[in-house]
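Input: a single structure, listed below in structure tokens.
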Amino acid sequence: MILWKIWGISLDKVISLNVPDELIVGRVTGRRVCGECGASFHVEFNPSKIEDKCDYCGGELMTRKDDNAETVKSRLGAYHEQTAPLISYYTDMGVMIELDGTKDVVEVTADMFGALE
Ligand SMILES: [Zn+2]
């Protein structure tokens with residue numbers, strides 16, 4: 001079953017990466033971005049070698065204005081209200097693939113390719 005066609009590509013599956021809200025809040029609020037080159041770090045999961053300094057260019061690391069707990073919780077509220085209901089809709093259509101989004105990016109990528117084979 002083809003759900004959509006975008007840029008000539010037929011899409012027939014929907015993937016949901018499931019991550020508990022508390023973990024999403026922690027991931028976003030710990031994010032630090034280089035003001036010079038835009039490189040992204042995380043205070044816990046991907047820290048820079050020198051605190052608050054970019055590993056690549058030595059630039060100052062900063063927290064983006066919208067990377068705060070209040071903004072993230074508000075976005076999660078909107079997600080649960082408006083987007084999450086689509087999971088049961090696509091599940092009923094037989095096109096939903098739910099994956100564990102708490103794993104590291106390499107594992108999640110492998111799970112996605114595995115699920116789409
Ligand atoms: Zn940098």
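Chain labels A, B, ... are given in the sequence in which chains occur in the structure tokens; within each chain residues are numbered consecutively from 1, and ligands are likewise numbered from 1 in the order shown.
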
Tell me, as a PDB file with N, CA and C atoms, in the first residue's frame, which residues lie within 8 Å of segment 71-73 of chain A, counting only C-alpha atoms; anything in the same chain fewer than 4 positions away does not count.
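What landed in out09.pdb:
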```pdb
ATOM      1  N   VAL A  25      13.550  15.279  27.351  1.00  0.00           N
ATOM      2  CA  VAL A  25      13.837  16.530  28.052  1.00  0.00           C
ATOM      3  C   VAL A  25      15.326  16.597  28.400  1.00  0.00           C
ATOM      4  N   VAL A  28      17.497  17.198  25.222  1.00  0.00           N
ATOM      5  CA  VAL A  28      17.414  18.545  24.649  1.00  0.00           C
ATOM      6  C   VAL A  28      18.052  19.581  25.572  1.00  0.00           C
ATOM      7  N   ASP A  66      15.603  27.903  22.626  1.00  0.00           N
ATOM      8  CA  ASP A  66      14.445  27.004  22.716  1.00  0.00           C
ATOM      9  C   ASP A  66      14.798  25.629  23.289  1.00  0.00           C
ATOM     10  N   ASP A  67      16.049  25.413  23.681  1.00  0.00           N
ATOM     11  CA  ASP A  67      16.453  24.145  24.303  1.00  0.00           C
ATOM     12  C   ASP A  67      16.272  24.210  25.812  1.00  0.00           C
ATOM     13  N   GLY A  77       3.720  18.036  24.883  1.00  0.00           N
ATOM     14  CA  GLY A  77       2.279  18.081  25.111  1.00  0.00           C
ATOM     15  C   GLY A  77       1.540  18.144  23.785  1.00  0.00           C
TER      16      GLY A  77
END
```

Please, which residues in chain A fall within 10 Å of ligand 1 when counting only C-alpha atoms and all ligand atoms, and what is the closest atom pair and distance in Å to one decimal for each, ordered by chain then residue number, as CSV?
```
residue,atom,partner,partner_atom_place_in_ligand_line,distance
A:Val33,CA,ligand 1,1 (Zn),8.0
A:Cys34,CA,ligand 1,1 (Zn),4.7
A:Gly35,CA,ligand 1,1 (Zn),6.6
A:Glu36,CA,ligand 1,1 (Zn),5.0
A:Cys37,CA,ligand 1,1 (Zn),4.0
A:Gly38,CA,ligand 1,1 (Zn),5.9
A:Ala39,CA,ligand 1,1 (Zn),5.4
A:Ser40,CA,ligand 1,1 (Zn),8.4
A:Lys53,CA,ligand 1,1 (Zn),7.8
A:Cys54,CA,ligand 1,1 (Zn),4.6
A:Asp55,CA,ligand 1,1 (Zn),6.6
A:Tyr56,CA,ligand 1,1 (Zn),5.1
A:Cys57,CA,ligand 1,1 (Zn),4.2
A:Gly58,CA,ligand 1,1 (Zn),5.8
A:Gly59,CA,ligand 1,1 (Zn),4.8
A:Glu60,CA,ligand 1,1 (Zn),7.3
A:Leu61,CA,ligand 1,1 (Zn),7.7
```

Hey, can you spit out that residue selection with N, CA and C atoms as a short mmCIF file (atom, residue, chain, number, x, y, z; two decimals), in the first residue's frame?
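Once everything was written out, this is result.cif:
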```cif
data_model
loop_
_atom_site.label_atom_id
_atom_site.label_comp_id
_atom_site.auth_asym_id
_atom_site.auth_seq_id
_atom_site.Cartn_x
_atom_site.Cartn_y
_atom_site.Cartn_z
N VAL A 33 25.56 23.96 21.57
CA VAL A 33 25.90 24.18 20.16
C VAL A 33 27.00 25.22 20.07
N CYS A 34 27.95 24.98 19.14
CA CYS A 34 29.05 25.93 18.93
C CYS A 34 28.52 27.17 18.22
N GLY A 35 28.81 28.34 18.80
CA GLY A 35 28.37 29.59 18.20
C GLY A 35 29.13 29.94 16.93
N GLU A 36 30.29 29.29 16.71
CA GLU A 36 31.11 29.59 15.53
C GLU A 36 30.79 28.67 14.36
N CYS A 37 30.87 27.33 14.59
CA CYS A 37 30.74 26.40 13.46
C CYS A 37 29.45 25.58 13.50
N GLY A 38 28.68 25.69 14.60
CA GLY A 38 27.40 24.99 14.65
C GLY A 38 27.49 23.54 15.10
N ALA A 39 28.70 23.06 15.45
CA ALA A 39 28.83 21.67 15.92
C ALA A 39 27.99 21.47 17.18
N SER A 40 27.46 20.25 17.34
CA SER A 40 26.54 19.97 18.43
C SER A 40 27.18 19.02 19.44
N LYS A 53 33.89 24.62 25.31
CA LYS A 53 34.69 24.97 24.13
C LYS A 53 34.48 23.91 23.05
N CYS A 54 34.34 24.36 21.82
CA CYS A 54 34.14 23.45 20.69
C CYS A 54 35.41 22.66 20.40
N ASP A 55 35.26 21.34 20.19
CA ASP A 55 36.40 20.48 19.87
C ASP A 55 36.99 20.80 18.50
N TYR A 56 36.17 21.34 17.60
CA TYR A 56 36.59 21.51 16.21
C TYR A 56 37.21 22.88 15.93
N CYS A 57 36.65 23.94 16.55
CA CYS A 57 37.15 25.28 16.21
C CYS A 57 37.49 26.11 17.44
N GLY A 58 37.25 25.58 18.63
CA GLY A 58 37.56 26.33 19.86
C GLY A 58 36.51 27.37 20.21
N GLY A 59 35.44 27.44 19.41
CA GLY A 59 34.38 28.42 19.67
C GLY A 59 33.65 28.14 20.98
N GLU A 60 32.92 29.15 21.42
CA GLU A 60 32.16 29.06 22.67
C GLU A 60 30.90 28.21 22.45
N LEU A 61 30.65 27.25 23.37
CA LEU A 61 29.43 26.45 23.27
C LEU A 61 28.31 27.16 24.02
#
```

For Ala110 of chain A, please output as a list in words all residues within 12 Å (counting only C-alpha atoms; exclusion window: fewer than 6 positions along the same chain).
Leu99, Asp100, Gly101, Lys103, Asp104, Leu116 and Glu117 of chain A

Give me a file of those residues, with all heavy atoms, as a PDB file, in the first residue's frame.
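And here is the file that came out, part-v3.pdb:
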```pdb
ATOM      1  N   LEU A  99       9.956   1.602  16.873  1.00  0.00           N
ATOM      2  CA  LEU A  99      11.315   1.226  17.242  1.00  0.00           C
ATOM      3  C   LEU A  99      11.722   1.908  18.542  1.00  0.00           C
ATOM      4  O   LEU A  99      11.186   2.955  18.901  1.00  0.00           O
ATOM      5  CB  LEU A  99      12.299   1.633  16.131  1.00  0.00           C
ATOM      6  CG  LEU A  99      12.102   0.961  14.770  1.00  0.00           C
ATOM      7  CD1 LEU A  99      13.090   1.538  13.765  1.00  0.00           C
ATOM      8  CD2 LEU A  99      12.259  -0.549  14.878  1.00  0.00           C
ATOM      9  N   ASP A 100      12.703   1.297  19.207  1.00  0.00           N
ATOM     10  CA  ASP A 100      13.248   1.844  20.445  1.00  0.00           C
ATOM     11  C   ASP A 100      14.234   2.971  20.105  1.00  0.00           C
ATOM     12  O   ASP A 100      15.336   2.713  19.628  1.00  0.00           O
ATOM     13  CB  ASP A 100      13.949   0.716  21.212  1.00  0.00           C
ATOM     14  CG  ASP A 100      14.554   1.181  22.526  1.00  0.00           C
ATOM     15  OD1 ASP A 100      14.496   2.396  22.833  1.00  0.00           O
ATOM     16  OD2 ASP A 100      15.101   0.324  23.243  1.00  0.00           O
ATOM     17  N   GLY A 101      13.821   4.207  20.351  1.00  0.00           N
ATOM     18  CA  GLY A 101      14.660   5.365  20.034  1.00  0.00           C
ATOM     19  C   GLY A 101      15.629   5.731  21.146  1.00  0.00           C
ATOM     20  O   GLY A 101      16.299   6.752  21.066  1.00  0.00           O
ATOM     21  N   LYS A 103      18.164   3.806  21.997  1.00  0.00           N
ATOM     22  CA  LYS A 103      19.486   3.259  21.666  1.00  0.00           C
ATOM     23  C   LYS A 103      20.345   4.338  21.011  1.00  0.00           C
ATOM     24  O   LYS A 103      19.837   5.397  20.645  1.00  0.00           O
ATOM     25  CB  LYS A 103      19.331   2.092  20.694  1.00  0.00           C
ATOM     26  CG  LYS A 103      18.531   0.925  21.229  1.00  0.00           C
ATOM     27  CD  LYS A 103      18.390  -0.109  20.126  1.00  0.00           C
ATOM     28  CE  LYS A 103      17.591  -1.315  20.552  1.00  0.00           C
ATOM     29  NZ  LYS A 103      17.446  -2.267  19.426  1.00  0.00           N
ATOM     30  N   ASP A 104      21.637   4.049  20.790  1.00  0.00           N
ATOM     31  CA  ASP A 104      22.466   5.063  20.134  1.00  0.00           C
ATOM     32  C   ASP A 104      22.148   5.120  18.642  1.00  0.00           C
ATOM     33  O   ASP A 104      21.497   4.237  18.088  1.00  0.00           O
ATOM     34  CB  ASP A 104      23.963   4.874  20.433  1.00  0.00           C
ATOM     35  CG  ASP A 104      24.567   3.700  19.700  1.00  0.00           C
ATOM     36  OD1 ASP A 104      24.350   3.562  18.483  1.00  0.00           O
ATOM     37  OD2 ASP A 104      25.282   2.922  20.353  1.00  0.00           O
ATOM     38  N   LEU A 116      12.873  -2.121   7.444  1.00  0.00           N
ATOM     39  CA  LEU A 116      12.367  -1.765   6.113  1.00  0.00           C
ATOM     40  C   LEU A 116      12.712  -2.784   5.040  1.00  0.00           C
ATOM     41  O   LEU A 116      12.278  -2.659   3.907  1.00  0.00           O
ATOM     42  CB  LEU A 116      12.909  -0.376   5.712  1.00  0.00           C
ATOM     43  CG  LEU A 116      12.369   0.786   6.552  1.00  0.00           C
ATOM     44  CD1 LEU A 116      13.101   2.064   6.209  1.00  0.00           C
ATOM     45  CD2 LEU A 116      10.878   0.946   6.369  1.00  0.00           C
ATOM     46  N   GLU A 117      13.519  -3.809   5.398  1.00  0.00           N
ATOM     47  CA  GLU A 117      13.900  -4.797   4.379  1.00  0.00           C
ATOM     48  C   GLU A 117      12.734  -5.678   3.979  1.00  0.00           C
ATOM     49  O   GLU A 117      11.840  -5.928   4.746  1.00  0.00           O
ATOM     50  CB  GLU A 117      15.041  -5.671   4.909  1.00  0.00           C
ATOM     51  CG  GLU A 117      16.381  -4.989   4.686  1.00  0.00           C
ATOM     52  CD  GLU A 117      17.554  -5.793   5.262  1.00  0.00           C
ATOM     53  OE1 GLU A 117      17.351  -6.898   5.813  1.00  0.00           O
ATOM     54  OE2 GLU A 117      18.680  -5.293   5.147  1.00  0.00           O
TER      55      GLU A 117
END
```

Quick check for you: according to DSSP on this backbone, which residues of chain A are classed as alpha helix (DSSP H)? Reply as a PyMOL selection string.
chain A and resi 21-29+69-78+85-93+105-116

Writer output for current selection, N, CA and C atoms, as a compact mmCIF listing (two decimals), in the first residue's frame:
```txt
# COMPACT_ATOMS: atom_id res chain seq x y z
N ASP A 21 9.39 10.64 27.57
CA ASP A 21 9.47 12.11 27.66
C ASP A 21 10.65 12.60 28.51
N GLU A 22 10.88 11.94 29.66
CA GLU A 22 11.94 12.42 30.56
C GLU A 22 13.30 12.37 29.85
N LEU A 23 13.49 11.33 29.03
CA LEU A 23 14.76 11.20 28.31
C LEU A 23 14.88 12.28 27.23
N ILE A 24 13.79 12.60 26.57
CA ILE A 24 13.81 13.66 25.55
C ILE A 24 14.15 15.00 26.20
N VAL A 25 13.55 15.28 27.35
CA VAL A 25 13.84 16.53 28.05
C VAL A 25 15.33 16.60 28.40
N GLY A 26 15.88 15.48 28.90
CA GLY A 26 17.30 15.44 29.25
C GLY A 26 18.20 15.62 28.04
N ARG A 27 17.81 15.00 26.92
CA ARG A 27 18.62 15.11 25.70
C ARG A 27 18.65 16.54 25.19
N VAL A 28 17.50 17.20 25.22
CA VAL A 28 17.41 18.55 24.65
C VAL A 28 18.05 19.58 25.57
N THR A 29 17.78 19.49 26.88
CA THR A 29 18.29 20.52 27.79
C THR A 29 19.80 20.40 27.99
N ALA A 69 13.63 23.21 29.31
CA ALA A 69 12.66 22.19 29.72
C ALA A 69 11.22 22.62 29.44
N GLU A 70 10.92 23.89 29.69
CA GLU A 70 9.56 24.38 29.51
C GLU A 70 9.11 24.26 28.05
N THR A 71 9.97 24.70 27.13
CA THR A 71 9.65 24.63 25.70
C THR A 71 9.49 23.19 25.25
N VAL A 72 10.42 22.32 25.71
CA VAL A 72 10.36 20.91 25.30
C VAL A 72 9.09 20.26 25.82
N LYS A 73 8.73 20.52 27.08
CA LYS A 73 7.52 19.92 27.65
C LYS A 73 6.28 20.40 26.91
N SER A 74 6.28 21.67 26.51
CA SER A 74 5.15 22.20 25.75
C SER A 74 5.05 21.51 24.39
N ARG A 75 6.20 21.30 23.73
CA ARG A 75 6.19 20.60 22.44
C ARG A 75 5.75 19.14 22.60
N LEU A 76 6.19 18.49 23.69
CA LEU A 76 5.78 17.11 23.94
C LEU A 76 4.27 17.03 24.18
N GLY A 77 3.72 18.04 24.88
CA GLY A 77 2.28 18.08 25.11
C GLY A 77 1.54 18.14 23.78
N ALA A 78 2.02 18.99 22.88
CA ALA A 78 1.40 19.12 21.56
C ALA A 78 1.54 17.81 20.78
N PRO A 85 -1.88 10.29 18.32
CA PRO A 85 -3.05 9.50 17.87
C PRO A 85 -2.84 8.84 16.51
N LEU A 86 -1.92 9.37 15.69
CA LEU A 86 -1.66 8.77 14.38
C LEU A 86 -1.03 7.38 14.50
N ILE A 87 -0.40 7.08 15.64
CA ILE A 87 0.24 5.77 15.81
C ILE A 87 -0.81 4.67 15.70
N SER A 88 -1.95 4.81 16.40
CA SER A 88 -2.98 3.77 16.30
C SER A 88 -3.62 3.76 14.91
N TYR A 89 -3.74 4.94 14.31
CA TYR A 89 -4.30 5.04 12.95
C TYR A 89 -3.43 4.24 11.97
N TYR A 90 -2.11 4.46 11.99
CA TYR A 90 -1.22 3.75 11.07
C TYR A 90 -1.05 2.28 11.47
N THR A 91 -1.14 1.99 12.78
CA THR A 91 -1.08 0.60 13.22
C THR A 91 -2.26 -0.18 12.65
N ASP A 92 -3.43 0.43 12.72
CA ASP A 92 -4.64 -0.22 12.17
C ASP A 92 -4.51 -0.44 10.66
N MET A 93 -3.78 0.45 9.98
CA MET A 93 -3.57 0.29 8.53
C MET A 93 -2.51 -0.76 8.21
N VAL A 105 22.59 6.20 18.01
CA VAL A 105 22.18 6.51 16.64
C VAL A 105 22.54 5.40 15.65
N VAL A 106 23.67 4.71 15.86
CA VAL A 106 24.09 3.64 14.96
C VAL A 106 23.12 2.46 15.05
N GLU A 107 22.74 2.10 16.28
CA GLU A 107 21.80 1.00 16.48
C GLU A 107 20.41 1.33 15.94
N VAL A 108 19.96 2.55 16.19
CA VAL A 108 18.63 2.95 15.73
C VAL A 108 18.60 2.93 14.19
N THR A 109 19.68 3.41 13.57
CA THR A 109 19.76 3.41 12.10
C THR A 109 19.69 1.97 11.58
N ALA A 110 20.45 1.06 12.21
CA ALA A 110 20.45 -0.35 11.79
C ALA A 110 19.05 -0.96 11.96
N ASP A 111 18.39 -0.62 13.08
CA ASP A 111 17.03 -1.13 13.32
C ASP A 111 16.07 -0.65 12.23
N MET A 112 16.24 0.63 11.82
CA MET A 112 15.35 1.17 10.78
C MET A 112 15.56 0.45 9.46
N PHE A 113 16.83 0.29 9.05
CA PHE A 113 17.08 -0.41 7.78
C PHE A 113 16.60 -1.85 7.87
N GLY A 114 16.81 -2.50 9.04
CA GLY A 114 16.36 -3.88 9.22
C GLY A 114 14.83 -3.98 9.10
N ALA A 115 14.14 -3.02 9.69
CA ALA A 115 12.68 -3.06 9.68
C ALA A 115 12.10 -2.80 8.29
N LEU A 116 12.87 -2.12 7.44
CA LEU A 116 12.37 -1.76 6.11
C LEU A 116 12.71 -2.78 5.04
```

Pick out each residue of segment 2-101 of chain A that DSSP on the backbone tags as strand (DSSP E or B); I need them as a CSV table (one decimal) with all heavy atoms, in the first residue's frame.
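Below is the file result.csv, written as the result:
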```
chain,number,residue,atom,x,y,z
A,4,TRP,N,2.0,7.8,0.4
A,4,TRP,CA,2.2,9.1,-0.2
A,4,TRP,C,3.3,8.9,-1.3
A,4,TRP,O,4.0,7.9,-1.3
A,4,TRP,CB,2.8,10.1,0.8
A,4,TRP,CG,2.1,10.3,2.1
A,4,TRP,CD1,1.0,11.1,2.3
A,4,TRP,CD2,2.4,9.6,3.3
A,4,TRP,NE1,0.6,11.0,3.6
A,4,TRP,CE2,1.5,10.1,4.3
A,4,TRP,CE3,3.4,8.7,3.8
A,4,TRP,CZ2,1.4,9.7,5.6
A,4,TRP,CZ3,3.3,8.3,5.1
A,4,TRP,CH2,2.4,8.8,6.0
A,5,LYS,N,3.3,9.9,-2.1
A,5,LYS,CA,4.4,10.0,-3.1
A,5,LYS,C,5.0,11.3,-2.9
A,5,LYS,O,4.4,12.3,-3.0
A,5,LYS,CB,3.8,9.8,-4.5
A,5,LYS,CG,4.6,8.8,-5.3
A,5,LYS,CD,4.0,8.5,-6.7
A,5,LYS,CE,5.2,7.9,-7.4
A,5,LYS,NZ,4.8,6.9,-8.3
A,6,ILE,N,6.3,11.3,-2.6
A,6,ILE,CA,7.0,12.6,-2.4
A,6,ILE,C,8.3,12.6,-3.3
A,6,ILE,O,9.1,11.6,-3.2
A,6,ILE,CB,7.4,12.8,-0.9
A,6,ILE,CG1,6.2,12.8,0.0
A,6,ILE,CG2,8.3,14.0,-0.8
A,6,ILE,CD1,6.5,12.9,1.4
A,9,ILE,N,9.1,9.4,-4.9
A,9,ILE,CA,9.4,8.2,-4.1
A,9,ILE,C,8.1,7.8,-3.4
A,9,ILE,O,7.4,8.6,-2.8
A,9,ILE,CB,10.5,8.5,-3.0
A,9,ILE,CG1,11.8,9.0,-3.7
A,9,ILE,CG2,10.7,7.3,-2.2
A,9,ILE,CD1,12.8,9.6,-2.7
A,10,SER,N,7.7,6.5,-3.6
A,10,SER,CA,6.5,6.0,-2.9
A,10,SER,C,6.8,5.6,-1.5
A,10,SER,O,7.8,4.9,-1.2
A,10,SER,CB,6.0,4.8,-3.7
A,10,SER,OG,5.7,5.1,-5.0
A,11,LEU,N,6.1,6.1,-0.6
A,11,LEU,CA,6.2,5.8,0.9
A,11,LEU,C,5.2,4.8,1.3
A,11,LEU,O,4.0,5.1,1.0
A,11,LEU,CB,6.2,7.1,1.7
A,11,LEU,CG,7.2,8.2,1.3
A,11,LEU,CD1,7.0,9.4,2.2
A,11,LEU,CD2,8.6,7.7,1.4
A,14,VAL,N,5.5,3.8,8.1
A,14,VAL,CA,5.6,4.9,9.0
A,14,VAL,C,6.5,4.4,10.2
A,14,VAL,O,6.2,3.3,10.7
A,14,VAL,CB,4.3,5.4,9.5
A,14,VAL,CG1,4.4,6.5,10.6
A,14,VAL,CG2,3.4,5.9,8.4
A,15,ILE,N,7.5,5.1,10.5
A,15,ILE,CA,8.4,4.7,11.6
A,15,ILE,C,8.2,5.7,12.8
A,15,ILE,O,8.2,6.9,12.6
A,15,ILE,CB,9.8,4.7,11.2
A,15,ILE,CG1,10.1,3.6,10.1
A,15,ILE,CG2,10.8,4.5,12.4
A,15,ILE,CD1,11.5,3.6,9.6
A,16,SER,N,8.0,5.1,14.0
A,16,SER,CA,7.9,5.9,15.2
A,16,SER,C,9.1,5.5,16.1
A,16,SER,O,9.3,4.3,16.4
A,16,SER,CB,6.6,5.6,15.9
A,16,SER,OG,6.6,6.2,17.2
A,17,LEU,N,9.9,6.5,16.4
A,17,LEU,CA,11.0,6.2,17.3
A,17,LEU,C,10.6,6.6,18.7
A,17,LEU,O,10.3,7.7,19.1
A,17,LEU,CB,12.2,7.1,16.9
A,17,LEU,CG,12.8,6.9,15.5
A,17,LEU,CD1,13.9,7.8,15.3
A,17,LEU,CD2,13.2,5.4,15.3
A,18,ASN,N,10.4,5.5,19.5
A,18,ASN,CA,9.8,5.7,20.9
A,18,ASN,C,10.9,6.0,21.9
A,18,ASN,O,11.8,5.3,22.1
A,18,ASN,CB,9.0,4.5,21.3
A,18,ASN,CG,7.9,4.2,20.3
A,18,ASN,OD1,7.3,5.2,19.7
A,18,ASN,ND2,7.5,3.0,20.2
A,31,ARG,N,21.9,19.8,25.5
A,31,ARG,CA,22.5,20.1,24.2
A,31,ARG,C,23.2,21.4,24.2
A,31,ARG,O,22.8,22.4,24.8
A,31,ARG,CB,21.4,20.1,23.1
A,31,ARG,CG,21.9,20.2,21.7
A,31,ARG,CD,20.9,19.7,20.7
A,31,ARG,NE,19.6,20.3,20.8
A,31,ARG,CZ,18.6,19.9,20.1
A,31,ARG,NH1,18.6,18.8,19.4
A,31,ARG,NH2,17.4,20.5,20.2
A,32,ARG,N,24.4,21.4,23.7
A,32,ARG,CA,25.2,22.6,23.6
A,32,ARG,C,25.7,22.8,22.1
A,32,ARG,O,26.1,21.8,21.5
A,32,ARG,CB,26.5,22.6,24.5
A,32,ARG,CG,26.2,22.4,26.0
A,32,ARG,CD,25.5,23.7,26.5
A,32,ARG,NE,25.2,23.5,28.0
A,32,ARG,CZ,24.1,23.0,28.5
A,32,ARG,NH1,23.1,22.6,27.6
A,32,ARG,NH2,23.9,22.9,29.7
A,33,VAL,N,25.6,24.0,21.6
A,33,VAL,CA,25.9,24.2,20.2
A,33,VAL,C,27.0,25.2,20.1
A,33,VAL,O,27.0,26.2,20.8
A,33,VAL,CB,24.6,24.7,19.4
A,33,VAL,CG1,25.0,24.9,17.9
A,33,VAL,CG2,23.5,23.6,19.5
A,34,CYS,N,28.0,25.0,19.1
A,34,CYS,CA,29.0,25.9,18.9
A,34,CYS,C,28.5,27.2,18.2
A,34,CYS,O,27.9,27.1,17.2
A,34,CYS,CB,30.2,25.3,18.1
A,34,CYS,SG,31.5,26.4,17.7
A,40,SER,N,27.5,20.3,17.3
A,40,SER,CA,26.5,20.0,18.4
A,40,SER,C,27.2,19.0,19.4
A,40,SER,O,27.8,18.0,19.1
A,40,SER,CB,25.3,19.4,17.8
A,40,SER,OG,24.3,19.3,18.8
A,41,PHE,N,27.0,19.3,20.7
A,41,PHE,CA,27.5,18.5,21.8
A,41,PHE,C,26.4,18.2,22.8
A,41,PHE,O,25.3,18.8,22.7
A,41,PHE,CB,28.7,19.2,22.5
A,41,PHE,CG,29.9,19.4,21.6
A,41,PHE,CD1,29.9,20.6,20.8
A,41,PHE,CD2,30.9,18.5,21.5
A,41,PHE,CE1,31.0,20.8,19.9
A,41,PHE,CE2,32.0,18.7,20.6
A,41,PHE,CZ,32.0,19.9,19.8
A,42,HIS,N,26.7,17.3,23.8
A,42,HIS,CA,25.7,17.1,24.9
A,42,HIS,C,26.5,17.0,26.2
A,42,HIS,O,27.5,16.2,26.2
A,42,HIS,CB,24.9,15.9,24.6
A,42,HIS,CG,23.7,15.8,25.6
A,42,HIS,ND1,23.9,15.3,26.9
A,42,HIS,CD2,22.4,16.1,25.4
A,42,HIS,CE1,22.7,15.4,27.5
A,42,HIS,NE2,21.8,15.8,26.6
A,46,ASN,N,27.6,13.4,24.9
A,46,ASN,CA,28.7,13.7,23.9
A,46,ASN,C,29.4,15.0,24.3
A,46,ASN,O,29.3,16.1,23.6
A,46,ASN,CB,28.0,13.9,22.5
A,46,ASN,CG,29.0,14.2,21.4
A,46,ASN,OD1,30.1,13.9,21.5
A,46,ASN,ND2,28.5,15.0,20.4
A,53,LYS,N,33.9,24.6,25.3
A,53,LYS,CA,34.7,25.0,24.1
A,53,LYS,C,34.5,23.9,23.0
A,53,LYS,O,34.5,22.7,23.3
A,53,LYS,CB,36.2,25.0,24.5
A,53,LYS,CG,36.6,26.2,25.4
A,53,LYS,CD,36.7,27.5,24.6
A,53,LYS,CE,37.0,28.6,25.6
A,53,LYS,NZ,36.6,29.9,25.1
A,60,GLU,N,32.9,29.1,21.4
A,60,GLU,CA,32.2,29.1,22.7
A,60,GLU,C,30.9,28.2,22.4
A,60,GLU,O,30.2,28.4,21.5
A,60,GLU,CB,31.8,30.5,23.1
A,60,GLU,CG,31.4,30.6,24.5
A,60,GLU,CD,32.6,30.6,25.5
A,60,GLU,OE1,33.7,31.0,25.0
A,60,GLU,OE2,32.4,30.2,26.6
A,61,LEU,N,30.6,27.3,23.4
A,61,LEU,CA,29.4,26.5,23.3
A,61,LEU,C,28.3,27.2,24.0
A,61,LEU,O,28.5,27.7,25.1
A,61,LEU,CB,29.6,25.1,23.8
A,61,LEU,CG,30.7,24.2,23.2
A,61,LEU,CD1,30.8,22.8,23.8
A,61,LEU,CD2,30.5,24.1,21.7
A,62,MET,N,27.1,27.1,23.4
A,62,MET,CA,26.0,27.8,24.0
A,62,MET,C,24.7,26.9,24.0
A,62,MET,O,24.7,26.0,23.2
A,62,MET,CB,25.8,29.1,23.4
A,62,MET,CG,25.7,29.1,21.9
A,62,MET,SD,25.6,30.7,21.1
A,62,MET,CE,27.2,31.3,21.5
A,96,MET,N,2.6,0.6,10.4
A,96,MET,CA,3.4,1.3,11.5
A,96,MET,C,4.5,0.4,11.9
A,96,MET,O,4.4,-0.8,12.1
A,96,MET,CB,2.4,1.5,12.7
A,96,MET,CG,3.0,2.3,13.8
A,96,MET,SD,3.0,4.0,13.3
A,96,MET,CE,4.5,4.5,14.0
A,97,ILE,N,5.7,1.0,12.1
A,97,ILE,CA,6.9,0.3,12.6
A,97,ILE,C,7.3,1.1,13.9
A,97,ILE,O,7.7,2.3,13.7
A,97,ILE,CB,8.0,0.2,11.6
A,97,ILE,CG1,7.6,-0.6,10.4
A,97,ILE,CG2,9.3,-0.4,12.3
A,97,ILE,CD1,8.6,-0.4,9.2
A,98,GLU,N,7.2,0.5,15.0
A,98,GLU,CA,7.6,1.2,16.2
A,98,GLU,C,9.0,0.7,16.7
A,98,GLU,O,9.2,-0.5,16.8
A,98,GLU,CB,6.6,1.0,17.4
A,98,GLU,CG,5.3,1.7,17.0
A,98,GLU,CD,4.4,1.8,18.2
A,98,GLU,OE1,4.8,2.6,19.1
A,98,GLU,OE2,3.4,1.2,18.3
A,99,LEU,N,10.0,1.6,16.9
A,99,LEU,CA,11.3,1.2,17.2
A,99,LEU,C,11.7,1.9,18.5
A,99,LEU,O,11.2,3.0,18.9
A,99,LEU,CB,12.3,1.6,16.1
A,99,LEU,CG,12.1,1.0,14.8
A,99,LEU,CD1,13.1,1.5,13.8
A,99,LEU,CD2,12.3,-0.5,14.9
A,100,ASP,N,12.7,1.3,19.2
A,100,ASP,CA,13.2,1.8,20.4
A,100,ASP,C,14.2,3.0,20.1
A,100,ASP,O,15.3,2.7,19.6
A,100,ASP,CB,13.9,0.7,21.2
A,100,ASP,CG,14.6,1.2,22.5
A,100,ASP,OD1,14.5,2.4,22.8
A,100,ASP,OD2,15.1,0.3,23.2
```

Here atom CA of Ile2 of chain A and atom CA of His80 of chain A stand apart by 25.8 Å

For atom CA of Glu44 of chain A and atom CA of Gly30 of chain A, quote the distance in Å rounded to one decimal.
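About the pair atom CA of Glu44 of chain A and atom CA of Gly30 of chain A: they are 6.9 Å apart.
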